[in-house]
Each structure stands twice: as C-alpha cells, then as structure tokens.
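Structure file my_file.cif (mmCIF, C-alpha atoms) is printed below.
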```
data_coords
#
loop_
_atom_site.group_PDB
_atom_site.id
_atom_site.type_symbol
_atom_site.label_atom_id
_atom_site.label_comp_id
_atom_site.auth_asym_id
_atom_site.auth_seq_id
_atom_site.Cartn_x
_atom_site.Cartn_y
_atom_site.Cartn_z
ATOM 1 C CA MET A 5 19.712 33.419 11.569
ATOM 2 C CA PRO A 6 21.375 30.509 9.679
ATOM 3 C CA ALA A 7 23.013 29.341 12.927
ATOM 4 C CA SER A 8 19.631 29.294 14.735
ATOM 5 C CA ILE A 9 18.058 27.377 11.848
ATOM 6 C CA ARG A 10 20.892 24.850 11.901
ATOM 7 C CA ARG A 11 20.576 24.240 15.647
ATOM 8 C CA ALA A 12 16.798 23.797 15.484
ATOM 9 C CA LEU A 13 16.880 21.430 12.513
ATOM 10 C CA VAL A 14 19.750 19.281 13.789
ATOM 11 C CA ARG A 15 18.097 18.863 17.213
ATOM 12 C CA TRP A 16 14.912 17.722 15.500
ATOM 13 C CA TYR A 17 16.755 15.390 13.132
ATOM 14 C CA GLU A 18 18.649 13.590 15.869
ATOM 15 C CA THR A 19 15.400 12.486 17.504
ATOM 16 C CA ALA A 20 13.027 12.247 14.518
ATOM 17 C CA LYS A 21 15.113 10.743 11.707
ATOM 18 C CA ARG A 22 14.031 7.451 10.188
ATOM 19 C CA ASP A 23 16.262 4.414 10.656
ATOM 20 C CA LEU A 24 17.209 3.660 7.040
ATOM 21 C CA PRO A 25 19.835 1.059 6.039
ATOM 22 C CA TRP A 26 22.000 3.510 4.065
ATOM 23 C CA ARG A 27 22.206 5.806 7.090
ATOM 24 C CA ARG A 28 24.130 3.151 9.010
ATOM 25 C CA THR A 29 27.248 3.447 6.862
ATOM 26 C CA ARG A 30 29.780 5.920 5.499
ATOM 27 C CA ASP A 31 30.711 3.576 2.646
ATOM 28 C CA PRO A 32 30.576 5.793 -0.471
ATOM 29 C CA TYR A 33 29.536 2.848 -2.641
ATOM 30 C CA ALA A 34 26.519 2.031 -0.450
ATOM 31 C CA ILE A 35 25.537 5.703 -0.237
ATOM 32 C CA TRP A 36 25.838 6.051 -4.018
ATOM 33 C CA ILE A 37 23.600 3.020 -4.643
ATOM 34 C CA SER A 38 20.955 4.368 -2.258
ATOM 35 C CA GLU A 39 20.988 7.856 -3.784
ATOM 36 C CA ILE A 40 20.500 6.508 -7.306
ATOM 37 C CA MET A 41 17.679 4.200 -6.206
ATOM 38 C CA LEU A 42 15.936 7.005 -4.318
ATOM 39 C CA GLN A 43 15.656 9.214 -7.399
ATOM 40 C CA GLN A 44 11.905 9.653 -8.044
ATOM 41 C CA THR A 45 11.199 6.525 -5.969
ATOM 42 C CA ARG A 46 9.593 6.197 -2.526
ATOM 43 C CA VAL A 47 11.790 5.151 0.395
ATOM 44 C CA ALA A 48 9.501 2.236 1.282
ATOM 45 C CA ALA A 49 9.820 0.864 -2.248
ATOM 46 C CA VAL A 50 13.591 1.285 -2.308
ATOM 47 C CA ILE A 51 14.516 -0.527 0.932
ATOM 48 C CA PRO A 52 13.997 -4.149 -0.221
ATOM 49 C CA TYR A 53 15.654 -3.432 -3.589
ATOM 50 C CA TYR A 54 18.602 -1.779 -1.872
ATOM 51 C CA GLU A 55 19.122 -4.692 0.506
ATOM 52 C CA ARG A 56 18.936 -7.298 -2.279
ATOM 53 C CA PHE A 57 21.193 -5.267 -4.554
ATOM 54 C CA MET A 58 23.835 -4.745 -1.878
ATOM 55 C CA ALA A 59 23.777 -8.453 -1.017
ATOM 56 C CA ALA A 60 24.296 -9.380 -4.682
ATOM 57 C CA TYR A 61 26.776 -6.589 -5.517
ATOM 58 C CA PRO A 62 28.522 -5.515 -2.286
ATOM 59 C CA ASP A 63 31.233 -3.466 -4.011
ATOM 60 C CA PRO A 64 31.999 -1.786 -7.352
ATOM 61 C CA GLY A 65 33.991 -4.768 -8.588
ATOM 62 C CA THR A 66 31.133 -7.262 -8.315
ATOM 63 C CA LEU A 67 28.742 -4.813 -9.969
ATOM 64 C CA ALA A 68 31.203 -4.071 -12.777
ATOM 65 C CA ALA A 69 31.697 -7.782 -13.486
ATOM 66 C CA ALA A 70 28.008 -8.738 -13.501
ATOM 67 C CA ASP A 71 26.029 -9.411 -16.678
ATOM 68 C CA GLU A 72 23.813 -6.458 -17.565
ATOM 69 C CA SER A 73 20.803 -8.794 -17.767
ATOM 70 C CA GLN A 74 21.388 -9.852 -14.152
ATOM 71 C CA VAL A 75 21.622 -6.237 -13.008
ATOM 72 C CA LEU A 76 18.422 -5.336 -14.853
ATOM 73 C CA ALA A 77 16.654 -8.387 -13.383
ATOM 74 C CA MET A 78 17.694 -7.237 -9.899
ATOM 75 C CA TRP A 79 16.366 -3.751 -10.719
ATOM 76 C CA SER A 80 13.144 -4.990 -12.345
ATOM 77 C CA GLY A 81 10.106 -3.200 -10.932
ATOM 78 C CA LEU A 82 12.047 -0.197 -9.625
ATOM 79 C CA GLY A 83 11.665 1.765 -12.863
ATOM 80 C CA TYR A 84 13.853 4.321 -14.664
ATOM 81 C CA TYR A 85 16.166 1.561 -15.886
ATOM 82 C CA SER A 86 18.809 3.870 -17.309
ATOM 83 C CA ARG A 87 19.808 4.303 -13.656
ATOM 84 C CA ALA A 88 20.853 0.647 -13.446
ATOM 85 C CA ARG A 89 22.801 0.810 -16.708
ATOM 86 C CA ASN A 90 24.609 3.955 -15.591
ATOM 87 C CA LEU A 91 25.400 2.365 -12.219
ATOM 88 C CA GLN A 92 27.196 -0.448 -13.971
ATOM 89 C CA LYS A 93 29.027 1.934 -16.321
ATOM 90 C CA ALA A 94 30.171 3.973 -13.333
ATOM 91 C CA ALA A 95 31.172 0.827 -11.419
ATOM 92 C CA ARG A 96 33.482 -0.062 -14.299
ATOM 93 C CA GLN A 97 34.965 3.437 -14.176
ATOM 94 C CA ILE A 98 35.513 3.041 -10.421
ATOM 95 C CA SER A 99 37.022 -0.448 -10.777
ATOM 96 C CA SER A 100 39.751 0.906 -13.035
ATOM 97 C CA GLY A 101 40.523 4.058 -11.075
ATOM 98 C CA GLY A 102 39.209 3.697 -7.508
ATOM 99 C CA PHE A 103 36.237 5.425 -5.856
ATOM 100 C CA PRO A 104 36.432 9.218 -6.368
ATOM 101 C CA ARG A 105 36.750 11.265 -3.199
ATOM 102 C CA ASP A 106 35.919 14.784 -4.397
ATOM 103 C CA PHE A 107 32.905 16.481 -6.003
ATOM 104 C CA ASP A 108 34.342 17.014 -9.479
ATOM 105 C CA SER A 109 35.597 13.434 -9.810
ATOM 106 C CA LEU A 110 32.278 12.064 -8.580
ATOM 107 C CA ARG A 111 30.506 14.289 -11.100
ATOM 108 C CA ASP A 112 32.491 12.636 -13.899
ATOM 109 C CA LEU A 113 30.942 9.215 -13.217
ATOM 110 C CA ALA A 114 28.159 7.985 -15.500
ATOM 111 C CA GLY A 115 24.709 8.935 -14.259
ATOM 112 C CA ILE A 116 25.889 11.275 -11.492
ATOM 113 C CA GLY A 117 24.742 14.900 -11.481
ATOM 114 C CA ASP A 118 25.315 17.771 -9.093
ATOM 115 C CA TYR A 119 22.842 16.504 -6.495
ATOM 116 C CA THR A 120 24.231 12.948 -6.273
ATOM 117 C CA ALA A 121 27.838 14.145 -6.273
ATOM 118 C CA ALA A 122 27.049 16.570 -3.435
ATOM 119 C CA ALA A 123 25.234 13.872 -1.452
ATOM 120 C CA ILE A 124 28.102 11.370 -1.694
ATOM 121 C CA ALA A 125 30.773 14.007 -1.095
ATOM 122 C CA SER A 126 29.067 15.352 2.029
ATOM 123 C CA ILE A 127 27.728 12.139 3.582
ATOM 124 C CA ALA A 128 30.640 9.791 2.826
ATOM 125 C CA PHE A 129 33.559 12.235 2.940
ATOM 126 C CA GLY A 130 32.304 15.205 5.008
ATOM 127 C CA LEU A 131 32.927 17.684 2.199
ATOM 128 C CA PRO A 132 31.041 21.020 2.278
ATOM 129 C CA HIS A 133 28.640 20.606 -0.641
ATOM 130 C CA ALA A 134 24.952 21.469 -0.245
ATOM 131 C CA VAL A 135 22.444 19.123 -1.865
ATOM 132 C CA VAL A 136 19.379 20.410 -3.654
ATOM 133 C CA ASP A 137 16.655 17.909 -4.482
ATOM 134 C CA GLY A 138 12.896 18.390 -4.637
ATOM 135 C CA ASN A 139 12.549 18.182 -0.866
ATOM 136 C CA VAL A 140 15.293 20.725 -0.187
ATOM 137 C CA ARG A 141 13.959 23.081 -2.848
ATOM 138 C CA ARG A 142 10.490 23.006 -1.264
ATOM 139 C CA VAL A 143 11.833 23.710 2.231
ATOM 140 C CA ILE A 144 13.956 26.651 1.092
ATOM 141 C CA VAL A 145 11.248 28.191 -1.097
ATOM 142 C CA ARG A 146 8.848 28.101 1.863
ATOM 143 C CA LEU A 147 11.416 29.320 4.369
ATOM 144 C CA LEU A 148 12.003 32.412 2.234
ATOM 145 C CA ASN A 149 8.442 32.665 0.881
ATOM 146 C CA GLY A 150 9.624 33.151 -2.677
ATOM 147 C CA GLN A 151 9.183 31.082 -5.829
ATOM 148 C CA ASN A 152 12.133 32.764 -7.554
ATOM 149 C CA VAL A 153 14.634 32.108 -4.786
ATOM 150 C CA ALA A 154 18.180 31.167 -5.864
ATOM 151 C CA VAL A 155 17.836 27.797 -4.146
ATOM 152 C CA GLN A 156 21.378 26.477 -4.606
ATOM 153 C CA GLN A 157 22.813 29.768 -3.328
ATOM 154 C CA GLU A 158 20.558 29.674 -0.256
ATOM 155 C CA ALA A 159 21.369 26.002 0.356
ATOM 156 C CA ASP A 160 25.068 26.876 0.273
ATOM 157 C CA ARG A 161 24.458 29.715 2.730
ATOM 158 C CA LEU A 162 22.573 27.495 5.178
ATOM 159 C CA LEU A 163 24.985 24.551 4.947
ATOM 160 C CA ASP A 164 26.500 23.384 8.230
ATOM 161 C CA ARG A 165 30.133 23.133 7.226
ATOM 162 C CA HIS A 166 31.074 21.330 10.450
ATOM 163 C CA ASP A 167 28.885 18.339 9.544
ATOM 164 C CA PRO A 168 27.551 18.812 6.001
ATOM 165 C CA GLY A 169 26.428 15.206 5.614
ATOM 166 C CA ARG A 170 24.197 15.329 8.668
ATOM 167 C CA TRP A 171 22.837 18.740 7.654
ATOM 168 C CA ASN A 172 21.986 17.646 4.108
ATOM 169 C CA GLN A 173 20.199 14.565 5.379
ATOM 170 C CA ALA A 174 18.314 16.605 7.974
ATOM 171 C CA LEU A 175 17.085 19.095 5.374
ATOM 172 C CA MET A 176 15.989 16.300 3.042
ATOM 173 C CA GLU A 177 14.304 14.474 5.923
ATOM 174 C CA LEU A 178 12.344 17.593 6.835
ATOM 175 C CA GLY A 179 11.042 17.888 3.278
ATOM 176 C CA ALA A 180 10.232 14.187 3.042
ATOM 177 C CA THR A 181 8.339 13.861 6.336
ATOM 178 C CA ILE A 182 7.143 17.309 7.494
ATOM 179 C CA CYS A 183 7.362 19.975 4.773
ATOM 180 C CA LEU A 184 5.223 17.898 2.416
ATOM 181 C CA PRO A 185 4.062 19.019 -1.039
ATOM 182 C CA ARG A 186 0.435 18.780 0.049
ATOM 183 C CA ASP A 187 -0.746 19.396 3.607
ATOM 184 C CA PRO A 188 2.605 20.378 5.198
ATOM 185 C CA GLN A 189 2.774 19.473 8.889
ATOM 186 C CA CYS A 190 3.704 22.984 10.019
ATOM 187 C CA ASP A 191 2.734 22.470 13.663
ATOM 188 C CA ALA A 192 5.372 19.729 13.930
ATOM 189 C CA CYS A 193 8.057 21.626 12.002
ATOM 190 C CA PRO A 194 11.202 22.642 13.940
ATOM 191 C CA LEU A 195 11.608 25.621 11.584
ATOM 192 C CA GLN A 196 8.097 27.039 11.814
ATOM 193 C CA GLY A 197 9.346 30.077 13.722
ATOM 194 C CA PHE A 198 11.720 30.924 10.857
ATOM 195 C CA CYS A 199 9.387 30.114 7.968
ATOM 196 C CA LYS A 200 8.175 33.178 6.077
ATOM 197 C CA ALA A 201 5.620 31.175 4.100
ATOM 198 C CA ARG A 202 4.093 29.982 7.377
ATOM 199 C CA GLN A 203 4.010 33.570 8.669
ATOM 200 C CA ASN A 204 2.320 34.778 5.475
ATOM 201 C CA GLY A 205 -0.077 31.834 5.099
ATOM 202 C CA THR A 206 1.369 30.813 1.718
ATOM 203 C CA GLU A 207 2.799 27.422 2.655
ATOM 204 C CA GLN A 208 0.087 25.560 0.717
ATOM 205 C CA ALA A 209 0.676 27.612 -2.442
ATOM 206 C CA LEU A 210 4.463 27.222 -2.567
ATOM 207 C CA PRO A 211 6.307 26.057 -4.535
ATOM 208 C CA LEU A 212 4.148 26.826 -7.568
ATOM 209 C CA LYS A 213 3.021 23.643 -9.283
ATOM 210 C CA ARG A 214 4.618 22.787 -12.590
ATOM 211 C CA VAL A 215 2.363 22.362 -15.602
ATOM 212 C CA LYS A 216 2.110 18.649 -16.311
ATOM 213 C CA PRO A 217 2.091 17.236 -19.854
ATOM 214 C CA THR A 218 -1.313 16.378 -21.282
ATOM 215 C CA PRO A 219 -2.084 12.722 -20.472
ATOM 216 C CA VAL A 220 -2.048 10.278 -23.367
ATOM 217 C CA ARG A 221 -4.319 7.240 -23.019
ATOM 218 C CA LEU A 222 -3.374 4.050 -24.851
ATOM 219 C CA GLU A 223 -4.851 0.556 -25.097
ATOM 220 C CA ARG A 224 -2.799 -2.589 -25.704
ATOM 221 C CA THR A 225 -3.350 -6.352 -25.676
ATOM 222 C CA LEU A 226 -0.757 -8.706 -24.181
ATOM 223 C CA LEU A 227 -0.809 -12.377 -25.108
ATOM 224 C CA LEU A 228 -0.074 -15.439 -22.979
ATOM 225 C CA ILE A 229 1.175 -18.139 -25.335
ATOM 226 C CA HIS A 230 2.287 -21.392 -23.736
ATOM 227 C CA ARG A 231 4.261 -24.366 -24.980
ATOM 228 C CA GLY A 232 4.190 -26.832 -22.114
ATOM 229 C CA ALA A 233 5.873 -25.202 -19.122
ATOM 230 C CA ARG A 234 7.367 -22.475 -21.277
ATOM 231 C CA ILE A 235 5.966 -19.079 -22.204
ATOM 232 C CA LEU A 236 6.667 -16.916 -25.235
ATOM 233 C CA LEU A 237 8.428 -13.603 -24.565
ATOM 234 C CA ILE A 238 9.687 -10.861 -26.873
ATOM 235 C CA PRO A 239 12.233 -8.064 -26.382
ATOM 236 C CA SER A 240 10.240 -5.279 -24.722
ATOM 237 C CA PRO A 241 9.148 -2.499 -27.083
ATOM 238 C CA ARG A 242 9.110 -0.091 -24.116
ATOM 239 C CA LEU A 243 12.223 -1.050 -22.112
ATOM 240 C CA ARG A 244 15.564 -1.807 -23.753
ATOM 241 C CA GLY A 245 17.131 -4.981 -22.393
ATOM 242 C CA PHE A 246 13.886 -6.341 -20.905
ATOM 243 C CA TRP A 247 11.511 -9.100 -21.943
ATOM 244 C CA ASP A 248 7.761 -8.691 -22.313
ATOM 245 C CA LEU A 249 4.686 -10.602 -23.384
ATOM 246 C CA PRO A 250 3.959 -10.302 -27.105
ATOM 247 C CA GLU A 251 1.183 -8.203 -28.562
ATOM 248 C CA LYS A 252 -0.830 -9.267 -31.603
ATOM 249 C CA PHE A 253 1.242 -10.565 -34.519
ATOM 250 C CA GLY A 254 0.622 -12.387 -37.791
ATOM 251 C CA GLY A 255 -0.748 -15.906 -37.469
ATOM 252 C CA VAL A 256 -1.744 -15.621 -33.820
ATOM 253 C CA ARG A 257 -5.154 -16.928 -32.711
ATOM 254 C CA LEU A 258 -6.745 -15.106 -29.782
ATOM 255 C CA GLY A 259 -8.332 -17.006 -26.929
ATOM 256 C CA LYS A 260 -10.032 -16.295 -23.619
ATOM 257 C CA ILE A 261 -9.629 -12.877 -21.978
ATOM 258 C CA ILE A 262 -7.828 -13.271 -18.637
ATOM 259 C CA GLY A 263 -8.262 -9.728 -17.353
ATOM 260 C CA GLU A 264 -6.885 -6.231 -17.647
ATOM 261 C CA PHE A 265 -4.753 -3.777 -15.711
ATOM 262 C CA ARG A 266 -3.595 -0.173 -15.918
ATOM 263 C CA HIS A 267 -0.016 1.014 -16.102
ATOM 264 C CA THR A 268 1.431 4.537 -16.236
ATOM 265 C CA ILE A 269 4.755 5.677 -17.666
ATOM 266 C CA THR A 270 5.150 9.442 -17.080
ATOM 267 C CA HIS A 271 2.149 10.980 -18.889
ATOM 268 C CA ARG A 272 1.249 7.853 -20.869
ATOM 269 C CA HIS A 273 -1.627 5.934 -19.291
ATOM 270 C CA TYR A 274 -1.977 2.391 -20.619
ATOM 271 C CA ARG A 275 -4.852 -0.029 -20.297
ATOM 272 C CA PHE A 276 -3.632 -3.542 -20.999
ATOM 273 C CA GLN A 277 -5.956 -6.414 -21.795
ATOM 274 C CA VAL A 278 -4.422 -9.854 -21.223
ATOM 275 C CA ARG A 279 -5.543 -12.843 -23.313
ATOM 276 C CA TYR A 280 -4.609 -16.431 -23.915
ATOM 277 C CA ALA A 281 -3.478 -17.104 -27.456
ATOM 278 C CA THR A 282 -1.950 -19.783 -29.686
ATOM 279 C CA ALA A 283 0.463 -19.484 -32.574
ATOM 280 C CA LYS A 284 2.147 -21.919 -34.975
ATOM 281 C CA SER A 285 5.237 -19.731 -35.254
ATOM 282 C CA ALA A 286 6.873 -17.095 -33.069
ATOM 283 C CA PRO A 287 7.954 -13.539 -33.992
ATOM 284 C CA GLU A 288 11.595 -12.909 -34.866
ATOM 285 C CA GLY A 289 13.703 -12.285 -31.775
ATOM 286 C CA SER A 290 11.254 -13.980 -29.402
ATOM 287 C CA ARG A 291 12.184 -16.807 -27.014
ATOM 288 C CA TRP A 292 10.444 -19.532 -25.057
ATOM 289 C CA TRP A 293 11.218 -19.211 -21.336
ATOM 290 C CA ASN A 294 10.569 -21.625 -18.496
ATOM 291 C CA GLN A 295 7.905 -19.955 -16.356
ATOM 292 C CA GLU A 296 9.574 -21.129 -13.159
ATOM 293 C CA LYS A 297 12.768 -19.216 -14.036
ATOM 294 C CA LEU A 298 11.316 -15.845 -14.999
ATOM 295 C CA ASP A 299 12.759 -14.247 -11.847
ATOM 296 C CA GLU A 300 16.213 -14.835 -13.325
ATOM 297 C CA ILE A 301 15.691 -12.538 -16.313
ATOM 298 C CA PRO A 302 14.878 -8.821 -16.689
ATOM 299 C CA LEU A 303 11.112 -9.072 -17.044
ATOM 300 C CA SER A 304 9.104 -5.908 -17.675
ATOM 301 C CA THR A 305 6.656 -4.598 -15.088
ATOM 302 C CA THR A 306 3.800 -5.013 -17.580
ATOM 303 C CA ALA A 307 4.644 -8.692 -18.018
ATOM 304 C CA ARG A 308 4.807 -9.157 -14.259
ATOM 305 C CA LYS A 309 1.402 -7.519 -13.827
ATOM 306 C CA ALA A 310 -0.069 -9.726 -16.546
ATOM 307 C CA LEU A 311 1.337 -12.888 -14.988
ATOM 308 C CA ARG A 312 -0.065 -11.880 -11.589
ATOM 309 C CA LEU A 313 -3.520 -11.896 -13.235
ATOM 310 C CA LEU A 314 -2.863 -15.471 -14.280
ATOM 311 C CA ALA A 315 -1.615 -16.439 -10.825
ATOM 312 C CA GLY A 316 -4.780 -14.945 -9.377
ATOM 313 C CA GLY A 317 -6.834 -17.612 -11.058
ATOM 314 C CA ALA A 318 -8.310 -15.492 -13.835
#
```
So, in terms of structure tokens, how does the structure I just supplied come out?
Amino acid sequence: MPASIRRALVRWYETAKRDLPWRRTRDPYAIWISEIMLQQTRVAAVIPYYERFMAAYPDPGTLAAADESQVLAMWSGLGYYSRARNLQKAARQISSGGFPRDFDSLRDLAGIGDYTAAAIASIAFGLPHAVVDGNVRRVIVRLLNGQNVAVQQEADRLLDRHDPGRWNQALMELGATICLPRDPQCDACPLQGFCKARQNGTEQALPLKRVKPTPVRLERTLLLIHRGARILLIPSPRLRGFWDLPEKFGGVRLGKIIGEFRHTITHRHYRFQVRYATAKSAPEGSRWWNQEKLDEIPLSTTARKALRLLAGGA
C-alpha cells in the first residue's frame, strides 16, 4: 500500500506542483530561509519577502553581519518576529562552523525544530527524514481516518527513501492545495482511492478542530505628531526592536480623528483609532524620524496601517 500511495502522489506532484522560487534550488541556506518564512504564513505573502531577503542576504555570512534593525526592517509586515531574530542567531552559528549537513546538527541551530530540520535535511541533502507540519498531519489523519493516529510514525512509514525531499514536498503540496482544512477537493485528489476518511464520509470532520482561546477585544489610540517633515515614534510596546506611533501621554493635545483600523494578534483583536496630536515634549525613549526614510527602520504593522490612513487622504 505505501508503494502505491507514493507512486500516485509523486505522479500528481510532478504535474501539479506550484512553481515556487525556493523549489528551484538545493541550497540549504535558501531552503532554510523559505521554511522559516513559511511558518504560519501564506505562500503568496512569503514570495516577495523571500526574494527581497535573499537579494539583501544571499548567504549566512551577510545575514550574520547585518544590523538586527536592518533584518527586522526587511521582515517588517511578515509577523512572528522572533523568527527573524533566530535566523540571525543561527546565521552566526553557521558562519563560525559551516552549514550543518545532518538532522541533529541542524536541530541545534537557533529557531529550528524537528519539522524544519527534517525539511532541510531531506530537500537539501536527500536524507531520509519525514516532515510533519499542519498540512502533512491533516493528510495522514484523513488517509487513516483517525484523530489519534501516530502521525510522525505514519509519516516515517510512508516516506519515499529514494527521494525524501520530493516526497515531503509532494505531501505538503497535497495538504496545501487539495486536502484543505475546509472543503477538501477530494475529486481532484490523487489519493482518494486510498483515503479511509473519504470512504467513510468523515473528511470534513477530520482532523478535529482545536479549541481556540477566547477572543480579547481591545481599543487603542495612536497619535500622529509631526515636527516639520519628521514624525514622533516610540519603541513598540508590542514588538521588541520595532518602532510605533505613540499612544496618549502626559502633555499631549489631541486633534482631528484621521480614521481607524482593526488589527489581530493571535486571540487579541484591536481597534485602533488614529488622531493628529501636538506635544511640547516627547516621551522618554522616543525619536523624531524623517517620514521619507521610514522604510529603512523596523516599523510596526500598526504604524504602517496608521500611516496608510494618512496617505489615503483622511
């Protein structure tokens, strides 16, 4: 059975796979960057970030030598910023010892877990390590029609040891494009004849949905305070190493409301109101930045959203 599943999936993958920039290389550095960026982030969102990042930092040495603020500015908008910090920490580890070529050594790098180590080991070096991410887990749970399946064990059993990199990518591609969380495209699935959930009509119910945290709704006010061509920014209270627009502080005078926007961080749902304001003095730690050079600094997503309101003529 595993051999039949492998043949069916690989045939499908060779004709249906998406043309993605990180699939055109076996460079472990490029594959590593893509895998970190793709964590909890849509492929379409990652592509432009990946291409800019690789152009700026084409190898571990250039990434290791960069200022953290520059790396964060390059990452700004992609979210989960600890990923960028760990990338740079790992790049410094690599620069001193060379790029690891086995699973255990990859696992020792900052920010790399079992999944990422398996992905790099299999795709870049052809080593027989099965990846398990959310897409793979969903495919295997449905194939076997069981929520309590030992997914890593089954992934290891199914692994094509002749070409583990291609197999891992094919399984992930199936989960990302066909075996979707909602409304799986079973009629187009190359494994529908092997899928026990499909045979039992349980494909929509599996995997069981995790209980989400209770949403928390918060309201904040961000202030646009100008001094000529410069704008007042403060260290972000939500993102270490980033800059943000200030909220209300002592001595500030509120002006016209520019608009509002919503922003979600995990289960916290913010509604931000954006207002003009004036102030005779600035909070400790704040800085005046030239508005034309804000792309050069790590600017928070909330600040970017607020400034887009201003650019929209509000």
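You will find atom CA of A:Ala180 at 8.9 Å from atom CA of A:Val140.
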Counting all atoms listed in the file, what are the residues of stretch 128-154 of chain A within 12 Å of stretch 21-37 of chain A, and for each of them which pair of atoms is the nearest and at what distance in Å, to one decimal? Sort the table by chain and rising number, as a Markdown table.
```
| residue | atom | partner | partner_atom | distance |
| --- | --- | --- | --- | --- |
| A:Ala128 | CA | A:Arg30 | CA | 4.8 |
| A:Phe129 | CA | A:Arg30 | CA | 7.8 |
| A:Gly130 | CA | A:Arg30 | CA | 9.6 |
```
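The environment of stretch 142-146 of chain A within 9 Å, counting all atoms listed in the file and disregarding residues fewer than 2 places along the same chain, consists of A:Asp137, A:Gly138, A:Asn139, A:Val140, A:Leu148, A:Asn149, A:Gly150, A:Gln151, A:Asn152, A:Val153, A:Ala154, A:Val155, A:Glu158, A:Ala159, A:Leu175, A:Met176, A:Leu178, A:Gly179, A:Cys183, A:Leu184, A:Pro185, A:Cys199, A:Lys200, A:Ala201, A:Arg202, A:Thr206, A:Glu207, A:Leu210, A:Pro211.
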List the residues sitting within 9 Å of (2.9, -17.6, -15.8) in the file's frame, using only C-alpha atoms, as number ranges by chain.
A: 228, 230, 233-235, 295-296, 298, 308, 310-315
Residue with smallest distance to A:Thr45 - pool A:Pro64, A:Gly263, A:Gly254, A:Gly81, counting only C-alpha atoms
A:Gly81
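Nearest residue to A:Ser8 among A:Ala88, A:Ile182, A:Leu162, A:Cys190 is A:Leu162, counting all atoms listed in the file.
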Target residues per the PyMOL selection byres ((chain A and resi 244) around 12), formatted as a list in words:
Glu72, Ser73, Leu76, Tyr84, Tyr85, Ser86, Ala88, Arg89, Ile238, Pro239, Ser240, Pro241, Arg242, Leu243, Gly245, Phe246, Trp247, Asp248, Pro302, Leu303 and Ser304 of chain A
Which one of A:Phe107, A:Trp292, A:Phe57, A:Trp171 sits closest to A:Ile124 if you count only C-alpha atoms?
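Counting only C-alpha atoms, the residue closest to A:Ile124 is A:Phe107.
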Quick one: apply the PyMOL selection byres ((chain A and resi 15) around 12) to the file and drop the selected residues here as a ChimeraX atom specification.
/A:8-14,16-21,170-171,174-175,178,193-195
Rounded to one decimal place, report the atom CA of A:Asn172-atom CA of A:Lys93 distance in Å.
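Distance between the two atoms: 26.7 Å.
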Which distance in Å separates atom CA of A:Lys252 and atom CA of A:Tyr280, to one decimal?
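Separation of atom CA of A:Lys252 and atom CA of A:Tyr280: 11.2 Å.
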Starting from the PyMOL selection byres ((chain A and resi 224) around 9), expand the selection into actual residues of this file and give them as a list in words.
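When the PyMOL selection byres ((chain A and resi 224) around 9) is applied, the selected residues are Leu222, Glu223, Thr225, Leu226, Glu251, Tyr274, Arg275, Phe276, Gln277 and Val278 of chain A.
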Residues within 12 Å of (16.0, 6.6, -9.7), file coordinates, counting all atoms listed in the file: what are they? Give the list as an mmCIF file with C-alpha atoms, keeping the file's coordinate frame.
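point18.cif written:
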```
data_model
loop_
_atom_site.group_PDB
_atom_site.id
_atom_site.type_symbol
_atom_site.label_atom_id
_atom_site.label_comp_id
_atom_site.auth_asym_id
_atom_site.auth_seq_id
_atom_site.Cartn_x
_atom_site.Cartn_y
_atom_site.Cartn_z
ATOM 1 C CA TRP A 36 25.838 6.051 -4.018
ATOM 2 C CA ILE A 37 23.600 3.020 -4.643
ATOM 3 C CA SER A 38 20.955 4.368 -2.258
ATOM 4 C CA GLU A 39 20.988 7.856 -3.784
ATOM 5 C CA ILE A 40 20.500 6.508 -7.306
ATOM 6 C CA MET A 41 17.679 4.200 -6.206
ATOM 7 C CA LEU A 42 15.936 7.005 -4.318
ATOM 8 C CA GLN A 43 15.656 9.214 -7.399
ATOM 9 C CA GLN A 44 11.905 9.653 -8.044
ATOM 10 C CA THR A 45 11.199 6.525 -5.969
ATOM 11 C CA ARG A 46 9.593 6.197 -2.526
ATOM 12 C CA VAL A 47 11.790 5.151 0.395
ATOM 13 C CA ALA A 49 9.820 0.864 -2.248
ATOM 14 C CA VAL A 50 13.591 1.285 -2.308
ATOM 15 C CA TYR A 53 15.654 -3.432 -3.589
ATOM 16 C CA TYR A 54 18.602 -1.779 -1.872
ATOM 17 C CA TRP A 79 16.366 -3.751 -10.719
ATOM 18 C CA GLY A 81 10.106 -3.200 -10.932
ATOM 19 C CA LEU A 82 12.047 -0.197 -9.625
ATOM 20 C CA GLY A 83 11.665 1.765 -12.863
ATOM 21 C CA TYR A 84 13.853 4.321 -14.664
ATOM 22 C CA TYR A 85 16.166 1.561 -15.886
ATOM 23 C CA SER A 86 18.809 3.870 -17.309
ATOM 24 C CA ARG A 87 19.808 4.303 -13.656
ATOM 25 C CA ALA A 88 20.853 0.647 -13.446
ATOM 26 C CA ARG A 89 22.801 0.810 -16.708
ATOM 27 C CA ASN A 90 24.609 3.955 -15.591
ATOM 28 C CA LEU A 91 25.400 2.365 -12.219
ATOM 29 C CA GLY A 115 24.709 8.935 -14.259
ATOM 30 C CA ILE A 116 25.889 11.275 -11.492
ATOM 31 C CA THR A 120 24.231 12.948 -6.273
#
```
Taking all atoms of stretch 67-76 of chain A that the file lists and extending 6 Å past them on each side, where is the centre of the axis-aligned box and how long are its edges? Answer in Å to one decimal, as JSON.
```
{"center_x": 25.1, "center_y": -7.0, "center_z": -13.9, "size_x": 25.3, "size_y": 17.8, "size_z": 19.8}
```
Can I get C-alpha atoms for stretch 40-59 of chain A, as a PDB file, in the first residue's frame?
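File written: out-v9.pdb
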```
ATOM      1  CA  ILE A  40      11.192  29.749   8.417  1.00  0.00           C
ATOM      2  CA  MET A  41       9.225  32.357   6.462  1.00  0.00           C
ATOM      3  CA  LEU A  42       6.504  29.848   5.586  1.00  0.00           C
ATOM      4  CA  GLN A  43       5.746  29.052   9.225  1.00  0.00           C
ATOM      5  CA  GLN A  44       2.126  30.159   9.815  1.00  0.00           C
ATOM      6  CA  THR A  45       2.342  32.438   6.756  1.00  0.00           C
ATOM      7  CA  ARG A  46       0.673  32.101   3.345  1.00  0.00           C
ATOM      8  CA  VAL A  47       2.857  31.279   0.343  1.00  0.00           C
ATOM      9  CA  ALA A  48       1.608  34.313  -1.599  1.00  0.00           C
ATOM     10  CA  ALA A  49       2.642  36.607   1.250  1.00  0.00           C
ATOM     11  CA  VAL A  50       6.049  34.977   1.619  1.00  0.00           C
ATOM     12  CA  ILE A  51       7.268  35.152  -2.004  1.00  0.00           C
ATOM     13  CA  PRO A  52       8.078  38.896  -2.199  1.00  0.00           C
ATOM     14  CA  TYR A  53       9.660  38.849   1.280  1.00  0.00           C
ATOM     15  CA  TYR A  54      11.744  35.815   0.373  1.00  0.00           C
ATOM     16  CA  GLU A  55      13.018  37.386  -2.840  1.00  0.00           C
ATOM     17  CA  ARG A  56      13.930  40.681  -1.140  1.00  0.00           C
ATOM     18  CA  PHE A  57      15.552  38.907   1.796  1.00  0.00           C
ATOM     19  CA  MET A  58      17.650  36.642  -0.415  1.00  0.00           C
ATOM     20  CA  ALA A  59      18.764  39.621  -2.506  1.00  0.00           C
TER      21      ALA A  59
END
```
